[in-house]
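Heads up, data10.csv below (CSV, C-alpha atoms and all ligand atoms):
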```csv
chain,number,residue,atom,x,y,z
A,1,MET,CA,-4.6,4.4,22.9
A,2,SER,CA,-1.5,2.3,22.9
A,3,GLN,CA,-0.6,0.7,19.7
A,4,GLY,CA,1.5,-2.3,18.8
A,5,THR,CA,1.9,-3.8,22.3
A,6,SER,CA,3.6,-7.1,22.5
A,7,MET,CA,1.7,-10.2,21.5
A,8,SER,CA,-1.2,-11.2,23.9
A,9,ALA,CA,-2.9,-14.6,24.1
A,10,SER,CA,-5.8,-13.3,22.0
A,11,GLN,CA,-3.5,-12.0,19.4
A,12,SER,CA,-1.7,-15.3,19.4
A,13,SER,CA,-4.9,-17.2,18.7
A,14,LYS,CA,-5.7,-14.7,15.9
A,15,GLN,CA,-2.5,-15.7,14.2
A,16,SER,CA,-3.8,-19.1,13.1
A,17,THR,CA,-7.3,-17.9,12.1
A,18,ASP,CA,-6.6,-14.5,10.5
A,19,PRO,CA,-3.4,-14.3,8.6
A,20,LEU,CA,-4.1,-10.6,7.8
A,21,HIS,CA,-4.5,-9.6,11.4
A,22,LEU,CA,-2.4,-6.5,11.5
A,23,ILE,CA,-0.1,-6.0,14.6
A,24,ASP,CA,1.0,-2.5,13.8
A,25,VAL,CA,2.0,-0.1,11.1
A,26,ASP,CA,5.4,-1.4,10.5
A,27,HIS,CA,6.7,1.7,8.7
A,28,VAL,CA,5.8,4.1,5.9
A,29,ARG,CA,8.2,4.3,3.0
A,30,PHE,CA,8.7,7.5,1.1
A,31,ASN,CA,10.5,7.5,-2.2
A,32,VAL,CA,12.5,10.8,-2.4
A,33,GLY,CA,15.0,12.5,-4.7
A,34,ASN,CA,17.6,13.0,-2.0
A,35,ALA,CA,17.1,10.9,1.2
A,36,LYS,CA,20.0,12.5,3.1
A,37,GLN,CA,18.6,16.0,2.7
A,38,ALA,CA,15.0,15.0,3.2
A,39,ALA,CA,16.1,13.3,6.5
A,40,TYR,CA,17.3,16.6,7.8
A,41,PHE,CA,14.1,18.3,6.8
A,42,TYR,CA,11.8,15.9,8.6
A,43,ALA,CA,14.2,15.8,11.6
A,44,SER,CA,14.5,19.6,12.0
A,45,CYS,CA,11.0,20.6,11.1
A,46,PHE,CA,9.0,17.7,12.5
A,47,GLY,CA,11.3,16.3,15.3
A,48,PHE,CA,11.9,12.9,13.8
A,49,ASP,CA,15.1,11.2,14.9
A,50,ILE,CA,17.4,10.1,12.1
A,51,SER,CA,17.9,6.7,13.8
A,52,GLN,CA,19.5,4.3,11.3
A,53,VAL,CA,20.9,4.3,7.8
A,54,SER,CA,21.5,1.8,5.0
A,55,ASP,CA,23.7,3.2,2.3
A,56,LEU,CA,27.0,2.9,0.5
A,57,THR,CA,28.8,3.1,3.8
A,58,THR,CA,26.9,0.1,5.1
A,59,GLY,CA,27.3,-1.9,1.9
A,60,ASN,CA,24.0,-0.9,0.1
A,61,ARG,CA,25.1,-0.1,-3.4
A,62,GLU,CA,21.6,0.3,-4.8
A,63,GLN,CA,19.7,2.7,-2.5
A,64,ALA,CA,20.2,5.0,0.4
A,65,ARG,CA,17.7,4.5,3.2
A,66,TYR,CA,17.2,6.5,6.3
A,67,LEU,CA,15.0,5.3,9.2
A,68,LEU,CA,13.2,8.2,10.9
A,69,THR,CA,11.5,7.5,14.2
A,70,GLN,CA,9.3,9.4,16.7
A,71,GLY,CA,7.0,7.8,19.2
A,72,ASN,CA,5.6,4.7,17.4
A,73,ILE,CA,6.1,6.2,13.9
A,74,ARG,CA,8.7,4.8,11.6
A,75,ILE,CA,9.4,6.4,8.2
A,76,VAL,CA,11.9,5.0,5.8
A,77,LEU,CA,13.2,7.6,3.3
A,78,THR,CA,14.5,5.8,0.2
A,79,THR,CA,16.5,7.2,-2.7
A,80,GLY,CA,18.0,5.2,-5.7
A,81,LEU,CA,21.7,5.5,-6.3
A,82,CYS,CA,21.4,4.6,-10.0
A,83,PRO,CA,19.3,6.2,-12.8
A,84,ASN,CA,17.1,3.2,-13.5
A,85,ASP,CA,16.5,2.3,-9.9
A,86,ASP,CA,12.7,1.8,-9.3
A,87,CYS,CA,12.7,4.4,-6.6
A,88,GLN,CA,14.2,7.0,-9.0
A,89,GLN,CA,11.7,6.2,-11.6
A,90,HIS,CA,8.9,6.7,-9.1
A,91,VAL,CA,10.4,10.0,-8.1
A,92,ASN,CA,10.6,11.1,-11.7
A,93,ARG,CA,7.0,10.4,-12.2
A,94,PHE,CA,5.5,11.6,-8.9
A,95,GLY,CA,8.1,13.6,-7.1
A,96,ASP,CA,8.7,12.8,-3.4
A,97,GLY,CA,5.9,10.8,-1.9
A,98,VAL,CA,4.6,7.7,-0.1
A,99,LYS,CA,5.3,4.4,-1.9
A,100,ASP,CA,4.5,1.9,0.9
A,101,ILE,CA,2.3,1.7,4.0
A,102,ALA,CA,3.8,-1.4,5.5
A,103,PHE,CA,1.9,-3.5,8.1
A,104,SER,CA,3.5,-5.8,10.7
A,105,VAL,CA,1.9,-9.3,10.6
A,106,PHE,CA,2.6,-12.6,12.3
A,107,ASP,CA,3.5,-14.4,9.1
A,108,ALA,CA,4.1,-12.3,6.0
A,109,GLU,CA,4.0,-15.2,3.6
A,110,LYS,CA,0.6,-16.5,4.9
A,111,ALA,CA,-0.8,-13.0,5.0
A,112,TYR,CA,0.4,-12.4,1.4
A,113,GLU,CA,-1.2,-15.7,0.3
A,114,GLN,CA,-4.4,-14.8,2.0
A,115,ALA,CA,-4.5,-11.3,0.4
A,116,ARG,CA,-3.8,-12.9,-3.0
A,117,SER,CA,-6.5,-15.5,-2.6
A,118,ASN,CA,-8.8,-12.6,-1.6
A,119,GLY,CA,-8.2,-11.0,-5.0
A,120,GLY,CA,-5.2,-8.8,-4.2
A,121,GLU,CA,-2.5,-8.3,-6.9
A,122,SER,CA,1.1,-9.0,-6.1
A,123,ALA,CA,3.5,-6.0,-5.9
A,124,TYR,CA,6.4,-8.4,-5.1
A,125,GLU,CA,6.7,-12.0,-4.0
A,126,PRO,CA,7.7,-12.9,-0.4
A,127,TYR,CA,11.4,-12.7,0.4
A,128,GLU,CA,13.5,-13.0,3.5
A,129,ILE,CA,16.5,-11.0,4.6
A,130,SER,CA,18.5,-12.4,7.5
A,131,ASP,CA,21.8,-12.2,9.4
A,132,GLU,CA,23.1,-13.7,12.6
A,133,GLN,CA,20.7,-11.4,14.6
A,134,GLY,CA,17.4,-12.6,13.1
A,135,ARG,CA,15.3,-12.4,9.9
A,136,VAL,CA,12.6,-10.2,8.3
A,137,VAL,CA,10.1,-11.6,5.8
A,138,MET,CA,8.4,-9.1,3.4
A,139,ALA,CA,5.8,-9.4,0.7
A,140,GLY,CA,3.9,-6.7,-1.1
A,141,ILE,CA,0.3,-6.2,-2.3
A,142,LYS,CA,-0.6,-3.4,-4.7
A,143,THR,CA,-3.3,-0.9,-3.6
A,144,TYR,CA,-4.5,2.2,-5.3
A,145,GLY,CA,-2.2,3.9,-7.9
A,146,ASP,CA,1.4,2.9,-7.5
A,147,VAL,CA,1.1,2.4,-3.7
A,148,VAL,CA,2.0,-0.9,-2.0
A,149,HIS,CA,1.1,-2.5,1.3
A,150,SER,CA,4.1,-4.5,2.4
A,151,LEU,CA,3.4,-7.3,4.9
A,152,VAL,CA,6.3,-7.6,7.3
A,153,SER,CA,7.0,-10.4,9.8
A,154,ARG,CA,9.9,-10.0,12.1
A,155,HIS,CA,11.9,-12.6,14.0
A,156,GLY,CA,14.8,-12.7,16.5
A,157,ASP,CA,16.4,-9.3,17.3
A,158,TYR,CA,14.3,-7.7,14.5
A,159,GLU,CA,11.0,-8.3,16.3
A,160,LEU,CA,9.0,-5.0,16.5
A,161,PRO,CA,9.3,-4.5,20.3
A,162,ASN,CA,13.1,-4.6,19.9
A,163,VAL,CA,12.9,-2.1,17.0
A,164,LYS,CA,10.7,0.2,19.2
A,165,ARG,CA,13.4,0.1,21.9
A,166,GLY,CA,16.0,1.2,19.4
A,167,GLY,CA,17.2,-2.1,18.1
A,168,LEU,CA,18.2,-2.5,14.5
A,169,PHE,CA,15.4,-2.1,12.0
A,170,MET,CA,16.4,-4.7,9.4
A,171,PRO,CA,19.6,-6.5,8.3
A,172,GLY,CA,21.6,-3.9,6.4
A,173,PHE,CA,20.7,-1.0,8.6
A,174,LYS,CA,23.3,0.5,11.0
A,175,ASP,CA,23.0,3.0,13.8
A,176,ARG,CA,24.5,6.4,13.0
A,177,HIS,CA,24.7,9.4,15.3
A,178,PHE,CA,23.1,12.6,14.1
A,179,ALA,CA,23.4,15.7,16.3
A,180,ILE,CA,19.9,16.7,15.5
A,181,ASN,CA,18.7,13.8,17.6
A,182,ASP,CA,20.1,15.4,20.7
A,183,TYR,CA,18.3,18.6,19.9
A,184,ASN,CA,15.0,16.7,19.3
A,185,ALA,CA,15.4,14.9,22.7
A,186,LYS,CA,15.5,18.3,24.4
A,187,ASN,CA,12.7,19.8,22.2
A,188,PRO,CA,10.1,17.1,21.7
A,189,CYS,CA,7.3,17.6,19.1
A,190,GLY,CA,5.2,14.9,20.8
A,191,LEU,CA,4.1,12.9,17.7
A,192,LYS,CA,3.0,9.4,18.9
A,193,PHE,CA,1.7,7.3,16.0
A,194,LEU,CA,0.0,7.3,12.6
A,195,ASP,CA,-3.7,8.0,13.3
A,196,HIS,CA,-4.8,7.7,9.7
A,197,CYS,CA,-3.5,7.7,6.1
A,198,VAL,CA,-5.7,9.2,3.4
A,199,GLY,CA,-5.7,8.2,-0.3
A,200,ASN,CA,-7.0,10.2,-3.2
A,201,VAL,CA,-8.5,8.2,-6.1
A,202,GLU,CA,-10.1,9.1,-9.4
A,203,GLU,CA,-13.7,10.2,-9.7
A,204,GLY,CA,-16.0,7.2,-9.5
A,205,LYS,CA,-13.4,4.9,-8.0
A,206,MET,CA,-13.9,5.4,-4.3
A,207,ASN,CA,-16.4,2.5,-3.9
A,208,HIS,CA,-14.1,0.3,-5.9
A,209,TRP,CA,-11.3,0.9,-3.3
A,210,VAL,CA,-13.7,0.6,-0.4
A,211,ASN,CA,-14.7,-2.8,-1.7
A,212,TRP,CA,-11.0,-3.7,-2.3
A,213,TYR,CA,-10.1,-2.9,1.4
A,214,GLU,CA,-13.0,-5.0,2.5
A,215,GLN,CA,-12.3,-8.0,0.3
A,216,VAL,CA,-8.5,-8.1,0.1
A,217,MET,CA,-7.4,-6.6,3.4
A,218,GLY,CA,-10.4,-7.6,5.6
A,219,PHE,CA,-11.0,-3.9,6.5
A,220,GLY,CA,-14.5,-2.6,7.4
A,221,LEU,CA,-16.3,0.7,6.9
A,222,PHE,CA,-15.5,2.7,10.0
A,223,LYS,CA,-18.6,3.6,11.9
A,224,HIS,CA,-17.9,7.3,11.8
A,225,PHE,CA,-17.4,7.4,8.1
A,226,ASP,CA,-18.2,10.4,6.0
A,227,ASP,CA,-20.1,9.4,2.9
A,228,LYS,CA,-21.7,12.7,1.9
A,229,ASP,CA,-20.5,15.4,-0.4
A,230,ILE,CA,-18.2,17.7,1.3
A,231,SER,CA,-18.3,20.9,-0.7
A,232,THR,CA,-17.6,24.6,-0.8
A,233,GLU,CA,-18.7,27.0,-3.5
A,234,HIS,CA,-16.0,25.7,-5.8
A,235,SER,CA,-15.1,22.2,-5.1
A,236,ALA,CA,-16.4,19.0,-3.6
A,237,LEU,CA,-15.3,15.5,-2.6
A,238,MET,CA,-16.6,12.2,-1.4
A,239,SER,CA,-14.9,10.3,1.3
A,240,LYS,CA,-15.2,7.0,3.1
A,241,VAL,CA,-13.1,5.7,6.0
A,242,MET,CA,-11.9,2.1,6.0
A,243,ALA,CA,-10.5,0.6,9.2
A,244,SER,CA,-8.6,-2.6,9.8
A,245,GLY,CA,-10.4,-5.1,12.0
A,246,ASN,CA,-8.8,-3.9,15.2
A,247,HIS,CA,-9.2,-0.2,14.1
A,248,LEU,CA,-5.4,0.0,14.4
A,249,ILE,CA,-5.2,1.8,11.1
A,250,LYS,CA,-7.8,3.9,9.4
A,251,MET,CA,-7.5,4.6,5.6
A,252,PRO,CA,-10.0,7.3,4.4
A,253,ILE,CA,-10.4,7.3,0.6
A,254,ASN,CA,-11.3,10.5,-1.2
A,255,GLU,CA,-12.6,11.0,-4.7
A,256,PRO,CA,-13.4,14.3,-6.4
A,257,ALA,CA,-17.0,15.3,-6.9
A,258,GLU,CA,-18.5,17.9,-9.2
A,259,GLY,CA,-17.7,21.6,-8.4
A,260,ASN,CA,-17.5,24.7,-10.5
A,261,LYS,CA,-13.7,24.9,-10.1
A,262,LYS,CA,-11.0,22.4,-9.6
A,263,SER,CA,-11.2,20.4,-6.4
A,264,GLN,CA,-8.2,19.7,-4.2
A,265,ILE,CA,-8.4,16.0,-5.2
A,266,GLU,CA,-8.3,16.9,-8.9
A,267,GLU,CA,-5.4,19.2,-8.2
A,268,TYR,CA,-3.6,16.4,-6.5
A,269,LEU,CA,-4.3,14.0,-9.3
A,270,ASP,CA,-3.1,16.5,-11.9
A,271,TRP,CA,0.2,16.9,-10.2
A,272,HIS,CA,0.5,13.2,-9.5
A,273,ASP,CA,0.5,12.2,-13.2
A,274,GLY,CA,-3.2,11.4,-13.0
A,275,CYS,CA,-2.5,8.6,-10.6
A,276,PRO,CA,-4.1,7.9,-7.2
A,277,GLY,CA,-1.8,8.1,-4.2
A,278,VAL,CA,-1.4,9.1,-0.6
A,279,GLN,CA,-2.7,12.6,0.1
A,280,HIS,CA,-1.9,12.9,3.8
A,281,LEU,CA,-0.6,11.2,6.9
A,282,ALA,CA,-2.1,12.2,10.2
A,283,PHE,CA,0.1,11.9,13.3
A,284,ARG,CA,-1.5,11.7,16.7
A,285,THR,CA,-0.4,13.9,19.6
A,286,ASP,CA,-1.7,13.9,23.2
A,287,ASP,CA,-1.2,17.7,23.3
A,288,GLU,CA,-2.1,19.7,20.2
A,289,ILE,CA,-1.0,23.0,21.7
A,290,SER,CA,2.5,21.9,22.7
A,291,SER,CA,3.0,20.0,19.4
A,292,VAL,CA,1.8,22.7,17.1
A,293,ALA,CA,3.7,25.4,19.1
A,294,GLU,CA,6.9,23.4,18.8
A,295,LEU,CA,6.4,22.6,15.1
A,296,ARG,CA,5.7,26.3,14.4
A,297,ARG,CA,8.8,27.3,16.3
A,298,ARG,CA,10.7,25.0,14.1
A,299,GLY,CA,9.2,26.6,11.0
A,300,VAL,CA,6.7,24.1,9.8
A,301,ASP,CA,4.6,25.5,7.0
A,302,PHE,CA,1.0,25.1,8.2
A,303,LEU,CA,-2.1,26.1,6.3
A,304,LYS,CA,-3.3,29.6,7.2
A,305,ILE,CA,-6.7,29.4,8.8
A,306,PRO,CA,-8.9,32.4,8.0
A,307,ASP,CA,-9.5,34.6,11.1
A,308,ALA,CA,-13.2,34.5,10.5
A,309,TYR,CA,-13.0,30.8,11.4
A,310,TYR,CA,-12.5,31.7,15.1
A,311,GLU,CA,-15.6,34.0,15.1
A,312,LEU,CA,-17.8,31.0,14.4
A,313,VAL,CA,-16.0,28.0,15.8
A,314,TRP,CA,-16.8,28.2,19.5
A,315,ASP,CA,-20.6,28.4,18.9
A,316,ARG,CA,-20.2,25.2,16.8
A,317,VAL,CA,-17.9,23.2,19.2
A,318,GLY,CA,-18.7,24.6,22.7
A,319,ASP,CA,-16.2,24.5,25.6
A,320,ILE,CA,-12.9,22.7,25.3
A,321,ASP,CA,-10.2,22.0,27.9
A,322,GLU,CA,-7.5,23.8,26.0
A,323,CYS,CA,-7.0,27.6,26.2
A,324,ILE,CA,-9.0,29.0,23.3
A,325,LYS,CA,-6.7,32.0,23.0
A,326,ARG,CA,-3.7,29.7,22.4
A,327,VAL,CA,-5.8,27.6,19.9
A,328,GLN,CA,-6.5,30.7,17.9
A,329,GLU,CA,-2.9,32.1,18.2
A,330,LEU,CA,-1.6,28.8,16.9
A,331,GLY,CA,-4.2,28.6,14.1
A,332,ILE,CA,-5.5,25.2,15.2
A,333,LEU,CA,-8.8,23.7,13.9
A,334,VAL,CA,-11.4,22.3,16.3
A,335,ASP,CA,-14.4,20.0,15.6
A,336,ARG,CA,-16.9,18.1,17.7
A,337,ASP,CA,-19.1,15.1,17.3
A,338,ASP,CA,-21.4,13.2,19.8
A,339,GLU,CA,-18.4,11.5,21.5
A,340,GLY,CA,-16.2,14.5,22.1
A,341,TYR,CA,-14.0,16.8,20.2
A,342,LEU,CA,-10.7,16.9,18.3
A,343,LEU,CA,-8.0,19.4,17.4
A,344,GLN,CA,-6.2,19.2,14.1
A,345,LEU,CA,-4.0,21.2,11.8
A,346,PHE,CA,-2.7,20.6,8.3
A,347,THR,CA,0.7,21.4,6.8
A,348,ARG,CA,1.1,22.8,3.3
A,349,PRO,CA,2.5,20.3,0.8
A,350,LEU,CA,5.8,18.9,2.0
A,351,GLN,CA,7.4,19.2,-1.5
A,352,ASP,CA,7.1,21.5,-4.4
A,353,ARG,CA,4.3,19.5,-6.1
A,354,PRO,CA,0.9,20.0,-4.3
A,355,THR,CA,0.7,16.4,-3.3
A,356,LEU,CA,1.6,14.9,0.1
A,357,PHE,CA,1.0,16.8,3.3
A,358,PHE,CA,0.8,16.0,7.1
A,359,GLU,CA,-1.9,16.5,9.7
A,360,ILE,CA,-1.3,16.9,13.4
A,361,ILE,CA,-4.3,15.5,15.3
A,362,CYS,CA,-5.3,15.3,19.0
A,363,ARG,CA,-8.5,13.4,20.0
A,364,ARG,CA,-10.5,14.3,23.0
A,365,GLY,CA,-13.2,11.5,22.7
A,366,SER,CA,-14.0,12.2,19.0
A,367,GLN,CA,-13.2,9.4,16.7
A,368,SER,CA,-14.1,11.3,13.5
A,369,PHE,CA,-11.9,13.2,11.1
A,370,GLY,CA,-13.0,16.8,11.4
A,371,LYS,CA,-15.8,16.8,8.9
A,372,GLY,CA,-17.1,20.2,10.4
A,373,ASN,CA,-13.7,21.6,9.5
A,374,PHE,CA,-13.8,20.5,5.9
A,375,LYS,CA,-15.5,23.6,4.7
A,376,ALA,CA,-13.1,25.8,6.6
A,377,LEU,CA,-10.2,23.7,5.4
A,378,PHE,CA,-11.4,23.8,1.9
A,379,GLU,CA,-11.7,27.6,1.9
A,380,ALA,CA,-8.2,27.8,3.2
A,381,LEU,CA,-7.0,25.2,0.6
A,382,GLU,CA,-8.7,27.1,-2.2
A,383,LEU,CA,-7.0,30.3,-1.2
A,384,GLU,CA,-3.7,28.3,-1.5
A,385,GLN,CA,-4.7,26.8,-4.9
A,386,GLU,CA,-5.6,30.3,-6.2
A,387,ARG,CA,-2.1,31.5,-5.2
A,388,ARG,CA,-0.6,28.7,-7.2
A,389,GLY,CA,-2.8,29.5,-10.2
A,390,ASN,CA,-4.5,26.1,-10.0
A,391,LEU,CA,-8.1,27.0,-9.1
B,401,FE2,FE,-7.0,13.6,8.1
```
Final structure tokens representation of the file:
Amino acid sequence: MSQGTSMSASQSSKQSTDPLHLIDVDHVRFNVGNAKQAAYFYASCFGFDISQVSDLTTGNREQARYLLTQGNIRIVLTTGLCPNDDCQQHVNRFGDGVKDIAFSVFDAEKAYEQARSNGGESAYEPYEISDEQGRVVMAGIKTYGDVVHSLVSRHGDYELPNVKRGGLFMPGFKDRHFAINDYNAKNPCGLKFLDHCVGNVEEGKMNHWVNWYEQVMGFGLFKHFDDKDISTEHSALMSKVMASGNHLIKMPINEPAEGNKKSQIEEYLDWHDGCPGVQHLAFRTDDEISSVAELRRRGVDFLKIPDAYYELVWDRVGDIDECIKRVQELGILVDRDDEGYLLQLFTRPLQDRPTLFFEIICRRGSQSFGKGNFKALFEALELEQERRGNL
């Protein structure tokens, strides 16, 4: 599946009729305590290039921003340079985490007005940044918790196809050479694009946010949604998957359900100041074995999948093209639905608080999210919770 190709005739006609037509995931912004150090972590563990920087040396006296890129993934790590900077206050409250899932649109101002008239609340008003190379217009809509969807339209040299080819991200960013990028070019991790982005919301609030994505963003319930309890002996959750009109981005929404011990969603909320937020980002690879092997070699801290999982999994999912010995050695999860199968694996939390983590996913026909693995995943997660004394 190729994402974010240049504008076609049908996309062009969409522009006038559907201001919220999303062209691509423009970027995901993390607020972090120390962007410089975090950049090296994501570069060395996950193979992201540290591509561009906006900081004191480029004239930004408020924040340091690092653009990380891999495939069609763009992450902007942001840290405040002053104590009362918004970003620093966010970090004080939540620790490192996702602040903004930004979408590229044809006209950010029109898309913002449409989202507002659909009932969306403003995070910030449209503004333009420009220089002699072009301009970028951004506007923000509040979603669950303290998370924002920025709507971004790009013009001149800042159009997305140029950015994908290595052009400057926005006015204020500058190229800077980092040696880790040369290493990454020789040792690729193979992450291609953001497959889905999962939010955790409070108990009883899932349907509120499902309706919100329908009404404000024009998303629909994805046909492969999971809407039943997913439970183990101790914990449970409910989940629905929302997808943008073109299925470019899928946003599953989880809420905790009744269990006899604390669910992973409750644990997240407890350590996220009781506030909804992004639980995980799933990155797509074409080759799960190569990607996970390289990520493990780099020291990525993945969940430990119980050995017993592999005694049962092949009866459940049948034959797969990958070498099953390698799948087990690398501790990869496998699931199947009526369209095919998928391989996936989850990292442990990326920071000290048990909040945000990554998923590495490879689809072989399956368009679902590994529901059959939830039980196995939960059992593994609960073992982790127990070790942290939070079960
Ligand atoms: Fe996922």
**Message:** Quick one: residues within 12 Å of Tyr66 in chain A, only C-alpha atoms, excluding same-chain residues fewer than 6 positions away - as a PyMOL selection string?
**Reply:** chain A and resi 27-32+34-40+42-43+48-56+58+60+74-79+169-170+172-176+178
**Message:** Env of range 311-317 of chain A: 8 Å cut, atoms = only C-alpha atoms, seq-sep filter 5 positions within chain, self excluded. Answer as a PyMOL selection string.
**Reply:** chain A and resi 334-336+341
**8 Å contact set for Ala282 in chain A, all atoms listed in the file, chain neighbours under 3 positions out, as a VMD selection string** = chain A and resid 194 to 197 358 to 361
**Request:** Extract, using all atoms listed in the file, all DNA, RNA and protein residues at most 10 Å from Asp286 in chain A, discarding same-chain residues fewer than 6 positions from it, and format them as a list in words.
**Result:**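 Counting all atoms listed in the file, the residues come to Met1, Gly190, Leu191, Lys192, Ile361, Cys362, Arg363 and Arg364 of chain A.
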Would you export the selected residues with C-alpha atoms as an mmCIF file, in the frame of the given file, please?
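This went into result-v9.cif:
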```
data_model
loop_
_atom_site.group_PDB
_atom_site.id
_atom_site.type_symbol
_atom_site.label_atom_id
_atom_site.label_comp_id
_atom_site.auth_asym_id
_atom_site.auth_seq_id
_atom_site.Cartn_x
_atom_site.Cartn_y
_atom_site.Cartn_z
ATOM 1 C CA MET A 1 -4.600 4.400 22.900
ATOM 2 C CA GLY A 190 5.200 14.900 20.800
ATOM 3 C CA LEU A 191 4.100 12.900 17.700
ATOM 4 C CA LYS A 192 3.000 9.400 18.900
ATOM 5 C CA ILE A 361 -4.300 15.500 15.300
ATOM 6 C CA CYS A 362 -5.300 15.300 19.000
ATOM 7 C CA ARG A 363 -8.500 13.400 20.000
ATOM 8 C CA ARG A 364 -10.500 14.300 23.000
#
```
**Message:** Counting all atoms listed in the file, which residue out of A:Ile73, A:Val198, A:Val105, A:Met238 sits closest to ligand FE2 401 (chain B)?
**Reply:** A:Val198
**Message:** Residues near Ser122 in chain A, anyone? I mean within 8 Å using only C-alpha atoms, not counting same-chain ones fewer than 5 positions away, as a ChimeraX atom specification.
**Reply:** /A:116,140-142
**Message:** Measuring between all atoms listed in the file, which one of A:Cys275, A:Val216, A:Ala308, A:Cys323 shows the shortest distance to Arg93 in chain A?
**Reply:**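 Smallest separation from Arg93 in chain A among the options: A:Cys275.
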**Distance in Å - CA of Arg326 in chain A versus CA of Arg298 in chain A** =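 For CA of Arg326 in chain A relative to CA of Arg298 in chain A, the distance reads 17.3 Å.
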**Message:** If I take CA of Arg296 in chain A and CA of Arg387 in chain A, how far is one from the other in Å, to one decimal?
**Reply:**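 About the pair CA of Arg296 in chain A and CA of Arg387 in chain A: they are 21.7 Å apart.
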Fill-in result for range 238-253 of chain A, N, CA and C atoms as a PDB file, in the coordinates of the input:
```
ATOM      1  N   MET A 238     -15.957  13.269  -2.160  1.00  0.00           N
ATOM      2  CA  MET A 238     -16.600  12.200  -1.400  1.00  0.00           C
ATOM      3  C   MET A 238     -15.546  11.453  -0.674  1.00  0.00           C
ATOM      4  N   SER A 239     -15.868  10.984   0.518  1.00  0.00           N
ATOM      5  CA  SER A 239     -14.900  10.300   1.300  1.00  0.00           C
ATOM      6  C   SER A 239     -15.508   9.184   2.126  1.00  0.00           C
ATOM      7  N   LYS A 240     -14.839   8.044   2.184  1.00  0.00           N
ATOM      8  CA  LYS A 240     -15.200   7.000   3.100  1.00  0.00           C
ATOM      9  C   LYS A 240     -14.017   6.508   3.846  1.00  0.00           C
ATOM     10  N   VAL A 241     -14.238   6.122   5.106  1.00  0.00           N
ATOM     11  CA  VAL A 241     -13.100   5.700   6.000  1.00  0.00           C
ATOM     12  C   VAL A 241     -13.136   4.224   6.153  1.00  0.00           C
ATOM     13  N   MET A 242     -12.062   3.578   5.743  1.00  0.00           N
ATOM     14  CA  MET A 242     -11.900   2.100   6.000  1.00  0.00           C
ATOM     15  C   MET A 242     -10.996   1.924   7.162  1.00  0.00           C
ATOM     16  N   ALA A 243     -11.317   0.914   7.978  1.00  0.00           N
ATOM     17  CA  ALA A 243     -10.500   0.600   9.200  1.00  0.00           C
ATOM     18  C   ALA A 243     -10.161  -0.848   9.200  1.00  0.00           C
ATOM     19  N   SER A 244      -8.939  -1.165   9.665  1.00  0.00           N
ATOM     20  CA  SER A 244      -8.600  -2.600   9.800  1.00  0.00           C
ATOM     21  C   SER A 244      -9.445  -3.151  10.952  1.00  0.00           C
ATOM     22  N   GLY A 245      -9.517  -4.469  11.031  1.00  0.00           N
ATOM     23  CA  GLY A 245     -10.400  -5.100  12.000  1.00  0.00           C
ATOM     24  C   GLY A 245     -10.281  -4.648  13.388  1.00  0.00           C
ATOM     25  N   ASN A 246      -9.043  -4.391  13.824  1.00  0.00           N
ATOM     26  CA  ASN A 246      -8.800  -3.900  15.200  1.00  0.00           C
ATOM     27  C   ASN A 246      -8.787  -2.398  15.300  1.00  0.00           C
ATOM     28  N   HIS A 247      -9.160  -1.723  14.205  1.00  0.00           N
ATOM     29  CA  HIS A 247      -9.200  -0.200  14.100  1.00  0.00           C
ATOM     30  C   HIS A 247      -7.770   0.347  14.378  1.00  0.00           C
ATOM     31  N   LEU A 248      -6.770  -0.485  14.195  1.00  0.00           N
ATOM     32  CA  LEU A 248      -5.400   0.000  14.400  1.00  0.00           C
ATOM     33  C   LEU A 248      -5.041   1.060  13.373  1.00  0.00           C
ATOM     34  N   ILE A 249      -5.486   0.852  12.138  1.00  0.00           N
ATOM     35  CA  ILE A 249      -5.200   1.800  11.100  1.00  0.00           C
ATOM     36  C   ILE A 249      -6.448   2.198  10.356  1.00  0.00           C
ATOM     37  N   LYS A 250      -6.627   3.472  10.120  1.00  0.00           N
ATOM     38  CA  LYS A 250      -7.800   3.900   9.400  1.00  0.00           C
ATOM     39  C   LYS A 250      -7.273   4.568   8.062  1.00  0.00           C
ATOM     40  N   MET A 251      -7.950   4.191   6.977  1.00  0.00           N
ATOM     41  CA  MET A 251      -7.500   4.600   5.600  1.00  0.00           C
ATOM     42  C   MET A 251      -8.694   5.291   4.928  1.00  0.00           C
ATOM     43  N   PRO A 252      -8.940   6.575   5.175  1.00  0.00           N
ATOM     44  CA  PRO A 252     -10.000   7.300   4.400  1.00  0.00           C
ATOM     45  C   PRO A 252      -9.607   7.307   2.913  1.00  0.00           C
ATOM     46  N   ILE A 253     -10.637   7.202   2.073  1.00  0.00           N
ATOM     47  CA  ILE A 253     -10.400   7.300   0.600  1.00  0.00           C
ATOM     48  C   ILE A 253     -11.288   8.369   0.047  1.00  0.00           C
TER      49      ILE A 253
END
```
